[in-house]
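**Student:** This one is start-v4.txt, compact mmCIF, C-alpha atoms.
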```txt
# COMPACT_ATOMS: atom_id res chain seq x y z
CA MET A 135 -88.78 15.29 55.76
CA SER A 136 -86.80 15.86 52.55
CA LEU A 137 -86.77 13.03 50.02
CA HIS A 138 -82.99 13.23 50.05
CA GLN A 139 -82.55 13.28 53.87
CA ARG A 140 -81.78 10.02 55.48
CA PRO A 141 -83.93 9.32 58.60
CA GLN A 142 -82.00 9.61 61.82
CA GLN A 143 -81.47 6.32 63.49
CA LYS A 144 -83.16 6.28 66.92
CA PRO A 145 -81.24 4.94 69.92
CA PRO A 146 -82.79 1.75 71.25
CA SER A 147 -85.04 2.10 74.30
CA SER A 148 -84.42 0.29 77.53
CA GLY A 149 -87.01 -2.28 76.57
CA ASP A 150 -85.11 -2.98 73.36
CA SER A 151 -81.71 -3.31 75.00
CA LEU A 152 -79.79 -6.49 74.42
CA PRO A 153 -79.40 -8.92 77.36
CA VAL A 154 -76.11 -8.88 79.16
CA SER A 155 -74.12 -11.93 78.18
CA SER A 156 -73.15 -14.34 80.88
CA PRO A 157 -69.53 -14.86 81.86
CA SER A 158 -69.64 -18.30 80.30
CA ALA A 159 -70.79 -16.84 77.01
CA ALA A 160 -68.09 -14.21 77.13
CA THR A 161 -65.38 -16.82 77.56
CA ALA A 162 -66.72 -19.06 74.73
CA PRO A 163 -64.51 -19.08 71.62
CA SER A 164 -65.84 -16.76 68.88
CA ARG A 165 -66.85 -18.20 65.49
CA PRO A 166 -67.01 -16.26 62.18
CA LEU A 167 -70.48 -15.24 61.15
CA PRO A 168 -71.77 -17.19 58.17
CA LEU A 169 -72.35 -14.00 56.15
CA LEU A 170 -68.70 -13.02 56.37
CA THR A 171 -67.24 -16.16 54.82
CA LEU A 172 -64.87 -15.68 51.89
CA PRO A 173 -67.10 -17.38 49.29
CA TYR A 174 -69.95 -15.11 50.27
CA LEU A 175 -67.79 -11.97 50.04
CA PHE A 176 -66.51 -12.95 46.60
CA SER A 177 -70.08 -13.59 45.42
CA LEU A 178 -71.24 -10.21 46.74
CA LEU A 179 -68.36 -8.41 45.05
CA ALA A 180 -69.10 -10.11 41.71
CA LEU A 181 -72.77 -9.16 41.98
CA LEU A 182 -71.90 -5.51 42.65
CA LEU A 183 -69.52 -5.40 39.69
CA PHE A 184 -72.17 -6.96 37.42
CA ALA A 185 -74.78 -4.44 38.59
CA ALA A 186 -72.36 -1.57 38.03
CA LEU A 187 -71.91 -2.66 34.41
CA LEU A 188 -75.64 -2.94 33.75
CA LEU A 189 -76.79 0.07 35.78
CA PRO A 190 -74.25 2.89 35.64
CA TRP A 191 -74.16 5.16 38.63
CA GLY A 192 -75.88 8.53 38.32
CA PRO A 193 -78.32 9.77 35.65
CA ALA A 194 -77.97 8.48 32.10
CA ALA A 195 -75.73 10.64 29.95
CA ARG A 196 -77.58 12.61 27.25
CA PRO A 197 -76.03 13.33 23.87
CA PRO A 198 -75.10 16.98 23.49
CA SER A 199 -77.79 19.11 21.83
CA SER A 200 -77.02 20.12 18.25
CA PRO A 201 -76.03 23.78 17.88
CA TRP A 202 -78.32 23.94 14.84
CA HIS A 203 -81.39 23.55 17.08
CA ALA A 204 -80.90 27.17 18.19
CA TYR A 205 -80.28 28.41 14.62
CA THR A 206 -82.95 30.97 13.71
CA LEU A 207 -84.69 31.81 10.45
CA GLN A 208 -83.27 35.32 10.66
CA GLU A 209 -79.71 33.95 10.83
CA ALA A 210 -80.31 31.36 8.12
CA ALA A 211 -81.99 33.81 5.72
CA ALA A 212 -79.14 36.30 6.14
CA PHE A 213 -76.64 33.50 5.38
CA ALA A 214 -78.42 32.45 2.17
CA ALA A 215 -79.25 35.99 1.03
CA ALA A 216 -75.62 37.06 1.36
CA ALA A 217 -74.74 34.58 -1.38
CA GLY A 218 -77.73 35.52 -3.52
CA ASN A 219 -77.49 39.31 -3.61
CA GLY A 220 -80.45 39.65 -1.26
CA THR A 221 -82.48 36.75 -2.67
CA VAL A 222 -83.18 33.45 -0.89
CA LEU A 223 -83.99 30.25 -2.77
CA LEU A 224 -86.31 28.34 -0.44
CA ALA A 225 -87.46 24.73 -0.20
CA ALA A 226 -89.12 22.78 2.61
CA VAL A 227 -88.52 19.11 3.31
CA SER A 228 -88.91 16.30 5.84
CA GLY A 229 -86.82 13.14 6.01
CA PRO A 230 -88.66 11.04 3.41
CA TYR A 231 -88.20 13.76 0.77
CA LEU A 232 -84.40 13.97 1.08
CA PRO A 233 -83.74 12.05 -2.19
CA PHE A 234 -85.95 14.56 -4.05
CA LEU A 235 -84.18 17.44 -2.33
CA SER A 236 -80.80 16.07 -3.40
CA ASN A 237 -82.02 15.59 -6.97
CA TRP A 238 -83.33 19.17 -7.10
CA LEU A 239 -80.09 20.51 -5.59
CA ILE A 240 -78.00 18.92 -8.33
CA SER A 241 -79.96 20.83 -10.96
CA VAL A 242 -79.84 24.07 -8.94
CA ARG A 243 -76.10 23.72 -8.47
CA ARG A 244 -75.61 23.27 -12.20
CA ALA A 245 -77.37 26.62 -12.68
CA GLY A 246 -74.97 28.24 -10.21
CA ARG A 247 -77.59 29.02 -7.55
CA ALA A 248 -76.89 26.47 -4.80
CA ASP A 249 -75.18 28.88 -2.43
CA GLN A 250 -78.37 30.90 -1.93
CA VAL A 251 -80.48 27.85 -1.05
CA LEU A 252 -82.19 27.71 2.33
CA ILE A 253 -84.04 24.56 3.34
CA ILE A 254 -86.81 24.57 5.92
CA ALA A 255 -86.32 21.23 7.70
CA GLU A 256 -89.57 19.92 9.12
CA ASP A 257 -87.94 17.68 11.74
CA TYR A 258 -84.77 17.83 13.82
CA GLU A 259 -83.18 14.72 12.35
CA THR A 260 -83.45 16.19 8.85
CA LEU A 261 -82.10 19.51 10.11
CA ASP A 262 -79.01 17.83 11.55
CA ARG A 263 -78.43 15.60 8.52
CA ILE A 264 -78.49 18.50 6.06
CA ASN A 265 -76.33 20.81 8.16
CA ALA A 266 -73.83 18.03 8.88
CA ALA A 267 -73.23 17.72 5.14
CA TRP A 268 -73.88 21.35 4.17
CA PRO A 269 -73.53 23.65 7.21
CA GLY A 270 -75.89 26.59 7.53
CA HIS A 271 -78.24 25.73 4.69
CA ALA A 272 -81.06 24.25 6.79
CA VAL A 273 -83.16 25.69 9.59
CA LEU A 274 -86.14 24.45 11.57
CA VAL A 275 -88.91 26.90 12.41
CA PRO A 276 -90.68 25.62 15.57
CA PRO A 277 -92.93 23.90 16.25
CA ALA A 278 -91.81 20.90 14.23
CA PRO A 279 -94.67 19.03 12.51
CA ASP A 280 -95.05 15.26 12.64
CA ALA A 281 -91.52 14.07 11.99
CA GLN A 282 -90.30 11.62 9.35
CA THR A 283 -93.69 11.05 7.76
CA ALA A 284 -94.18 10.93 4.01
CA HIS A 285 -97.56 12.60 3.76
CA LYS A 286 -99.85 11.58 0.95
CA PHE A 287 -101.36 14.35 -1.17
CA GLY A 288 -104.78 15.25 0.25
CA SER A 289 -104.00 13.95 3.75
CA GLN A 290 -104.13 16.05 6.90
CA GLY A 291 -100.38 15.62 7.29
CA PHE A 292 -99.83 17.03 3.80
CA PHE A 293 -102.07 19.99 4.63
CA ASN A 294 -100.21 20.64 7.90
CA PHE A 295 -96.89 20.46 6.06
CA THR A 296 -97.78 22.79 3.17
CA SER A 297 -99.90 25.24 5.17
CA ARG A 298 -96.75 26.46 6.95
CA ARG A 299 -95.34 27.71 3.64
CA PRO A 300 -96.87 31.21 3.46
CA ARG A 301 -95.74 31.96 7.01
CA HIS A 302 -92.14 31.08 6.16
CA LEU A 303 -92.30 33.22 3.02
CA LEU A 304 -93.82 36.18 4.86
CA GLN A 305 -91.14 36.02 7.55
CA ILE A 306 -88.42 36.20 4.91
CA LEU A 307 -90.10 39.15 3.18
CA GLU A 308 -90.39 40.92 6.53
CA LEU A 309 -86.62 40.55 6.87
CA GLY A 310 -86.24 42.51 3.63
CA TYR A 311 -85.21 39.70 1.26
CA SER A 312 -86.68 38.52 -2.03
CA VAL A 313 -87.49 34.82 -2.08
CA MET A 314 -88.13 32.09 -4.63
CA TYR A 315 -89.92 28.99 -3.37
CA ASN A 316 -89.68 25.60 -5.13
CA ASP A 317 -91.21 22.22 -4.40
CA VAL A 318 -88.44 19.61 -4.33
CA ASP A 319 -90.10 17.37 -6.95
CA MET A 320 -88.80 19.84 -9.54
CA VAL A 321 -85.73 19.84 -11.77
CA TRP A 322 -84.05 22.90 -13.25
CA LEU A 323 -82.92 22.68 -16.87
CA ALA A 324 -81.74 26.31 -16.85
CA ASP A 325 -81.51 29.31 -14.54
CA PRO A 326 -85.05 30.71 -14.02
CA PHE A 327 -83.98 34.13 -12.74
CA PRO A 328 -83.53 35.75 -16.20
CA TYR A 329 -87.27 35.10 -16.73
CA LEU A 330 -88.24 37.28 -13.77
CA VAL A 331 -88.53 40.33 -15.99
CA GLY A 332 -89.86 43.68 -14.82
CA ASN A 333 -90.38 44.70 -11.22
CA HIS A 334 -93.56 42.87 -10.24
CA ASP A 335 -94.56 41.83 -6.71
CA VAL A 336 -95.19 38.14 -7.41
CA TYR A 337 -94.28 35.67 -10.19
CA PHE A 338 -95.83 32.21 -10.63
CA MET A 339 -96.63 29.41 -13.09
CA ASP A 340 -99.97 28.09 -14.31
CA ASP A 341 -101.03 24.56 -13.32
CA MET A 342 -103.36 24.05 -16.27
CA THR A 343 -102.55 21.61 -19.10
CA PRO A 344 -104.19 23.26 -22.16
CA VAL A 345 -101.50 24.61 -24.47
CA LYS A 346 -101.11 28.39 -24.50
CA PRO A 347 -99.69 30.39 -27.40
CA LEU A 348 -96.01 31.23 -27.01
CA ASN A 349 -96.89 34.92 -26.67
CA HIS A 350 -99.64 34.37 -24.10
CA SER A 351 -100.66 37.05 -21.61
CA HIS A 352 -98.73 37.37 -18.36
CA GLU A 353 -101.77 38.61 -16.47
CA LEU A 354 -103.60 36.51 -13.88
CA PRO A 355 -105.68 33.99 -15.88
CA PRO A 356 -109.47 34.02 -15.59
CA PRO A 357 -111.12 31.79 -12.93
CA GLY A 358 -111.96 28.22 -13.79
CA LYS A 359 -115.07 26.12 -13.09
CA LYS A 360 -114.65 26.36 -9.33
CA GLY A 361 -114.64 30.14 -9.42
CA ARG A 362 -110.90 30.49 -8.91
CA THR A 363 -107.70 30.27 -10.92
CA TYR A 364 -105.39 27.23 -11.06
CA ILE A 365 -102.02 28.78 -10.33
CA CYS A 366 -99.43 26.39 -8.88
CA SER A 367 -98.16 27.18 -5.39
CA CYS A 368 -95.15 24.96 -6.18
CA MET A 369 -93.01 27.74 -7.66
CA ILE A 370 -93.37 31.35 -6.52
CA PHE A 371 -91.04 34.35 -6.57
CA LEU A 372 -91.83 37.31 -4.31
CA ARG A 373 -90.20 40.66 -3.76
CA PRO A 374 -90.35 42.28 -0.29
CA THR A 375 -93.12 44.67 -1.33
CA GLU A 376 -96.36 45.56 0.41
CA GLY A 377 -98.28 43.88 -2.41
CA ALA A 378 -96.47 40.56 -1.92
CA LYS A 379 -96.95 40.74 1.85
CA LEU A 380 -100.66 41.46 1.37
CA LEU A 381 -101.00 38.35 -0.79
CA LEU A 382 -99.25 36.14 1.79
CA ARG A 383 -101.37 37.45 4.67
CA LYS A 384 -104.49 36.73 2.62
CA TRP A 385 -103.20 33.25 1.83
CA ILE A 386 -102.67 32.58 5.54
CA LYS A 387 -106.19 33.81 6.29
CA GLU A 388 -107.71 31.62 3.58
CA LEU A 389 -105.96 28.56 5.04
CA GLN A 390 -107.39 29.38 8.47
CA GLU A 391 -110.89 29.67 6.99
CA GLN A 392 -110.56 26.45 4.97
CA PRO A 393 -109.06 23.90 7.38
CA TRP A 394 -108.55 20.27 6.48
CA SER A 395 -111.34 17.81 7.22
CA LYS A 396 -112.18 14.26 6.13
CA GLN A 397 -115.03 15.63 4.05
CA ARG A 398 -113.01 18.49 2.60
CA LYS A 399 -109.45 17.35 2.06
CA ALA A 400 -107.92 20.76 1.52
CA ASN A 401 -104.36 21.65 0.61
CA ASP A 402 -102.57 24.97 0.36
CA GLN A 403 -103.06 25.57 -3.39
CA PRO A 404 -106.80 26.42 -3.48
CA ALA A 405 -106.26 28.90 -0.64
CA PHE A 406 -103.37 30.46 -2.61
CA ASN A 407 -105.61 30.89 -5.63
CA TRP A 408 -108.45 32.39 -3.59
CA ALA A 409 -105.91 34.82 -2.15
CA LEU A 410 -104.75 35.74 -5.67
CA ASN A 411 -108.32 36.28 -6.86
CA LYS A 412 -109.40 38.30 -3.80
CA THR A 413 -106.37 40.60 -3.99
CA ALA A 414 -106.55 41.09 -7.77
CA GLY A 415 -105.79 44.69 -8.61
CA GLN A 416 -103.96 45.22 -5.32
CA VAL A 417 -100.98 43.00 -6.12
CA ASP A 418 -98.77 43.31 -9.21
CA VAL A 419 -98.54 39.74 -10.52
CA TYR A 420 -96.76 38.10 -13.44
CA LEU A 421 -97.59 34.74 -15.06
CA LEU A 422 -94.40 33.07 -16.24
CA PRO A 423 -94.27 31.65 -19.80
CA GLN A 424 -95.76 28.19 -20.10
CA SER A 425 -93.06 27.07 -22.54
CA ALA A 426 -90.41 27.60 -19.84
CA PHE A 427 -92.42 26.60 -16.77
CA PRO A 428 -94.84 23.83 -17.78
CA THR A 429 -96.95 21.85 -15.39
CA GLY A 430 -96.21 18.12 -15.17
CA GLY A 431 -99.55 17.30 -16.74
CA LEU A 432 -98.34 19.00 -19.91
CA TYR A 433 -94.62 18.18 -20.01
CA PHE A 434 -94.91 14.48 -19.23
CA LYS A 435 -98.08 13.80 -21.23
CA ASN A 436 -97.92 15.89 -24.41
CA LYS A 437 -94.98 14.68 -26.48
CA THR A 438 -95.92 16.90 -29.42
CA TRP A 439 -95.81 20.04 -27.28
CA VAL A 440 -92.47 18.99 -25.74
CA LYS A 441 -91.01 18.55 -29.23
CA ASP A 442 -92.40 21.89 -30.45
CA THR A 443 -90.99 23.77 -27.44
CA LYS A 444 -87.65 21.96 -27.23
CA GLY A 445 -84.89 24.18 -25.87
CA LYS A 446 -87.31 26.51 -24.08
CA HIS A 447 -87.93 24.46 -20.90
CA VAL A 448 -86.51 25.88 -17.64
CA ILE A 449 -88.16 24.16 -14.63
CA ILE A 450 -89.98 20.84 -14.84
CA HIS A 451 -92.48 19.97 -12.10
CA ASN A 452 -93.20 16.29 -11.49
CA ASN A 453 -96.85 16.79 -10.51
CA TYR A 454 -100.11 15.36 -11.84
CA ILE A 455 -98.94 12.09 -10.29
CA THR A 456 -98.82 10.88 -6.67
CA GLY A 457 -96.53 8.46 -4.87
CA PHE A 458 -92.77 8.47 -4.35
CA GLU A 459 -92.03 5.47 -6.54
CA LYS A 460 -94.21 6.71 -9.39
CA LYS A 461 -92.54 10.12 -9.33
CA ILE A 462 -89.07 8.58 -9.28
CA LYS A 463 -89.91 6.23 -12.16
CA ARG A 464 -91.24 9.10 -14.27
CA PHE A 465 -88.14 11.17 -13.58
CA ARG A 466 -85.98 8.17 -14.52
CA ASP A 467 -87.95 7.55 -17.72
CA HIS A 468 -87.23 11.13 -18.80
CA GLY A 469 -83.58 11.24 -17.70
CA LEU A 470 -84.33 13.61 -14.81
CA TRP A 471 -83.53 11.39 -11.80
CA LEU A 472 -80.04 12.81 -11.53
CA ILE A 473 -78.92 11.21 -8.27
CA ASP A 474 -78.55 7.78 -9.90
CA GLU A 475 -75.35 8.81 -11.67
CA HIS A 476 -74.57 12.29 -10.37
CA SER A 477 -75.00 12.12 -6.59
CA ASP A 478 -71.47 13.49 -6.22
CA GLU A 479 -72.79 16.81 -7.57
CA SER A 480 -75.25 17.18 -4.71
CA PRO A 481 -74.12 19.31 -1.76
CA LEU A 482 -75.61 16.56 0.42
CA GLY A 483 -73.60 13.76 -1.12
CA ARG A 484 -75.25 10.35 -1.43
CA ILE A 485 -78.52 10.15 0.55
```
Now that the file is in, can you turn its structure into structure tokens?
**Tutor:**
Amino acid sequence: MSLHQRPQQKPPSSGDSLPVSSPSAATAPSRPLPLLTLPYLFSLLALLLFAALLLPWGPAARPPSSPWHAYTLQEAAAFAAAAGNGTVLLAAVSGPYLPFLSNWLISVRRAGRADQVLIIAEDYETLDRINAAWPGHAVLVPPAPDAQTAHKFGSQGFFNFTSRRPRHLLQILELGYSVMYNDVDMVWLADPFPYLVGNHDVYFMDDMTPVKPLNHSHELPPPGKKGRTYICSCMIFLRPTEGAKLLLRKWIKELQEQPWSKQRKANDQPAFNWALNKTAGQVDVYLLPQSAFPTGGLYFKNKTWVKDTKGKHVIIHNNYITGFEKKIKRFRDHGLWLIDEHSDESPLGRI
């Protein structure tokens, strides 16, 4: 029998038939049944009204699904690239990083590059928040990782978050666009694109702190003590060439071969460097000038170097330090936490 089919009521059998009332019973005056008294009816009606308020009839109404949940990377990349002459400026963020995203966006907007920004949102709430304030500039590439979690550097969550990066970049290259990736704990002091000289496959910045001469080589540096280079995966520019695609595929493979574990707390940067070293000679690479693209371990810790290279700095990376509050304090101490006084310049408004 169907779950929605009411059972048919069976007629009573002869054995269940009611006794025939006697003539005396038939002539007796009828009395109202106790259940049909007015107080009882009013009480029943009140109970039904109360239940109707607490338990609405029918299934609970669901909020309408956001139209941005069906927004694809292909659509989003085309939107951003149209404003950037075929180049996408990419960042990836989850909810806890929104203040850093807004801070970065202020500096990017000042350089006149905000319109070509595309943000990979790592959870649906962040996707909707960004697109509500700045329509079309955020997309989520399924599956969404653990939502709304501020992952500590070296944790499995941080590895899961950053290991998606080369796949996003490769997808954009396959669509035929150039792409610059930035971590959101960066601040632009000038437009970096004039420094992308030549026609190389890949451009990047060194993550080492020793001071280089101003006219240093732009070749891939020699490997360090661990047998690999120390290039930062925080800022990369790639053209849609076969060389750049080869590097990204190798990066993806290295991440698969070096998964995170409690004993070996991997992140995406060593795999990126192994990929660079193993594809050396097959990919045309360019090391950006240290004076313009310093690592945080140099810019925030070597006051003499900062003074000597004043006016040359382009992008500042707030690395060589962990923890949200510590990063924010260091930005504030150096006048780089822009959202304190300039949140109105962010496309996202006040976060």
**Student:** Identify which of the residues A:Leu381, A:Val419, A:Ile485, A:Ala409 lies closest to A:Gly229, counting all atoms listed in the file when measuring atom-to-atom distances.
**Tutor:** A:Ile485
**Student:** For atom CA of A:Leu389 and atom CA of A:Pro404, quote the distance in Å rounded to one decimal.
**Tutor:**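 That distance, rounded to one decimal, is 8.8 Å.
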**Student:** Can you write out as CSV which residues of stretch 234-325 of chain A fall within 12 Å of stretch 458-478 of chain A, alongside each residue's closest atom pair and its distance in Å to one decimal, counting only C-alpha atoms and ordering rows by chain and ascending residue number?
**Tutor:**
```
residue,atom,partner,partner_atom,distance
A:Phe234,CA,A:Ile462,CA,8.5
A:Leu235,CA,A:Ile473,CA,10.1
A:Ser236,CA,A:Ile473,CA,7.1
A:Asn237,CA,A:Ile473,CA,5.5
A:Trp238,CA,A:Leu472,CA,8.4
A:Leu239,CA,A:Leu472,CA,9.7
A:Ile240,CA,A:Leu472,CA,7.2
A:Ser241,CA,A:Leu472,CA,8.0
A:Val242,CA,A:Leu472,CA,11.6
A:Arg243,CA,A:Asp478,CA,11.5
A:Arg244,CA,A:His476,CA,11.2
A:Ala284,CA,A:Phe458,CA,8.8
A:His285,CA,A:Phe458,CA,10.3
A:Lys286,CA,A:Phe458,CA,9.4
A:Phe287,CA,A:Phe458,CA,10.9
A:Val318,CA,A:Lys461,CA,11.5
A:Asp319,CA,A:Lys461,CA,8.0
A:Met320,CA,A:Leu470,CA,9.3
A:Val321,CA,A:Leu470,CA,7.1
A:Trp322,CA,A:Leu470,CA,9.4
A:Leu323,CA,A:Leu470,CA,9.4
```
**Student:** With only C-alpha atoms as the counted atoms, please give the residues lying no more than 12 Å from stretch 255-265 of chain A, apart from itself and same-chain residues fewer than 2 positions off, as a PyMOL selection string.
**Tutor:** chain A and resi 199-207+210+224-233+235-236+239+251-253+267-284+291-292+294-296+298-299+302+480-485
**Student:** Edge lengths and centre in Å to one decimal, as AutoDock Vina command-line options, is what I'm after for the box along x, y and z that holds all listed atoms of stretch 468-473 of chain A once 8 Å is added on each side.
**Tutor:**
```
--center_x -83.1 --center_y 12.4 --center_z -13.5 --size_x 24.3 --size_y 18.5 --size_z 26.5
```
**Student:** Which is closest to A:Leu432 among A:Arg247, A:His350, A:Lys446, A:His451, if we use only C-alpha atoms?
**Tutor:**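 Answer, going by the shortest atom-to-atom distance: A:His451.
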**Student:** Could you list, as a list in words, every residue within 8 Å of A:Arg362, counting only C-alpha atoms and ignoring same-chain residues fewer than 2 positions away?
**Tutor:**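 Once the adjacent positions are removed, what remains is Pro356, Pro357, Gly358, Lys359, Lys360, Tyr364, Pro404, Asn407, Trp408 and Asn411 of chain A.
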**Student:** Which of these, A:Tyr420, A:Phe406, A:Phe371, A:Tyr315, has the shortest distance to A:Gly332 once you count only C-alpha atoms?
**Tutor:**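 Closest candidate: A:Tyr420.
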**Student:** Taking all atoms listed in the file into account, which of A:His352, A:Arg383, A:Lys444, A:His334 comes nearest A:Asp418?
**Tutor:**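 Smallest separation from A:Asp418 among the options: A:His334.
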**Student:** Tell me which protein, DNA and RNA residues are within 8 Å of A:Val448, counting all atoms listed in the file, leaving out same-chain ones fewer than 4 positions away, and put them as an MDAnalysis selection string.
**Tutor:** chainID A and resid 322:326 426:427
**Student:** Find the residue from A:Ser177, A:Thr343, A:Gln305, A:Thr363 that sits nearest to A:Ala211; use all atoms listed in the file when measuring.
**Tutor:**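 The answer is A:Gln305, which sits nearest to A:Ala211.
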**Student:** Report, in Å with one decimal, the straight-line distance from atom CA of A:Ile455 to atom CA of A:Gly361.
**Tutor:**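 Computing the Euclidean distance for atom CA of A:Ile455 and atom CA of A:Gly361 yields 23.9 Å.
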**Student:** Rounded to one decimal, what separation in Å do you get between atom CA of A:Met314 and atom CA of A:Gly431?
**Tutor:** 22.3 Å
**Student:** Looking at A:Ser367, A:Gln208, A:Ser297, A:Gln403, which one is nearest to A:Gly310, with distances taken over only C-alpha atoms?
**Tutor:**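 Closest candidate: A:Gln208.
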**Student:** Here's a test: counting all atoms listed in the file, identify every protein, DNA and RNA residue with an atom at most 12 Å from (-108.4, 30.0, 8.1) in the file's coordinate frame, and state them as a list of chain:residue names.
**Tutor:** A:Ser297, A:Arg383, A:Lys384, A:Trp385, A:Ile386, A:Lys387, A:Glu388, A:Leu389, A:Gln390, A:Glu391, A:Gln392, A:Pro393, A:Trp394, A:Ala400, A:Asn401, A:Asp402, A:Ala405, A:Phe406, A:Trp408, A:Ala409
**Student:** Generate the output file for the selected residues, C-alpha atoms, as a compact mmCIF listing (two decimals), in the frame of the given file.
**Tutor:**
```txt
# COMPACT_ATOMS: atom_id res chain seq x y z
CA SER A 297 -99.90 25.24 5.17
CA ARG A 383 -101.37 37.45 4.67
CA LYS A 384 -104.49 36.73 2.62
CA TRP A 385 -103.20 33.25 1.83
CA ILE A 386 -102.67 32.58 5.54
CA LYS A 387 -106.19 33.81 6.29
CA GLU A 388 -107.71 31.62 3.58
CA LEU A 389 -105.96 28.56 5.04
CA GLN A 390 -107.39 29.38 8.47
CA GLU A 391 -110.89 29.67 6.99
CA GLN A 392 -110.56 26.45 4.97
CA PRO A 393 -109.06 23.90 7.38
CA TRP A 394 -108.55 20.27 6.48
CA ALA A 400 -107.92 20.76 1.52
CA ASN A 401 -104.36 21.65 0.61
CA ASP A 402 -102.57 24.97 0.36
CA ALA A 405 -106.26 28.90 -0.64
CA PHE A 406 -103.37 30.46 -2.61
CA TRP A 408 -108.45 32.39 -3.59
CA ALA A 409 -105.91 34.82 -2.15
```
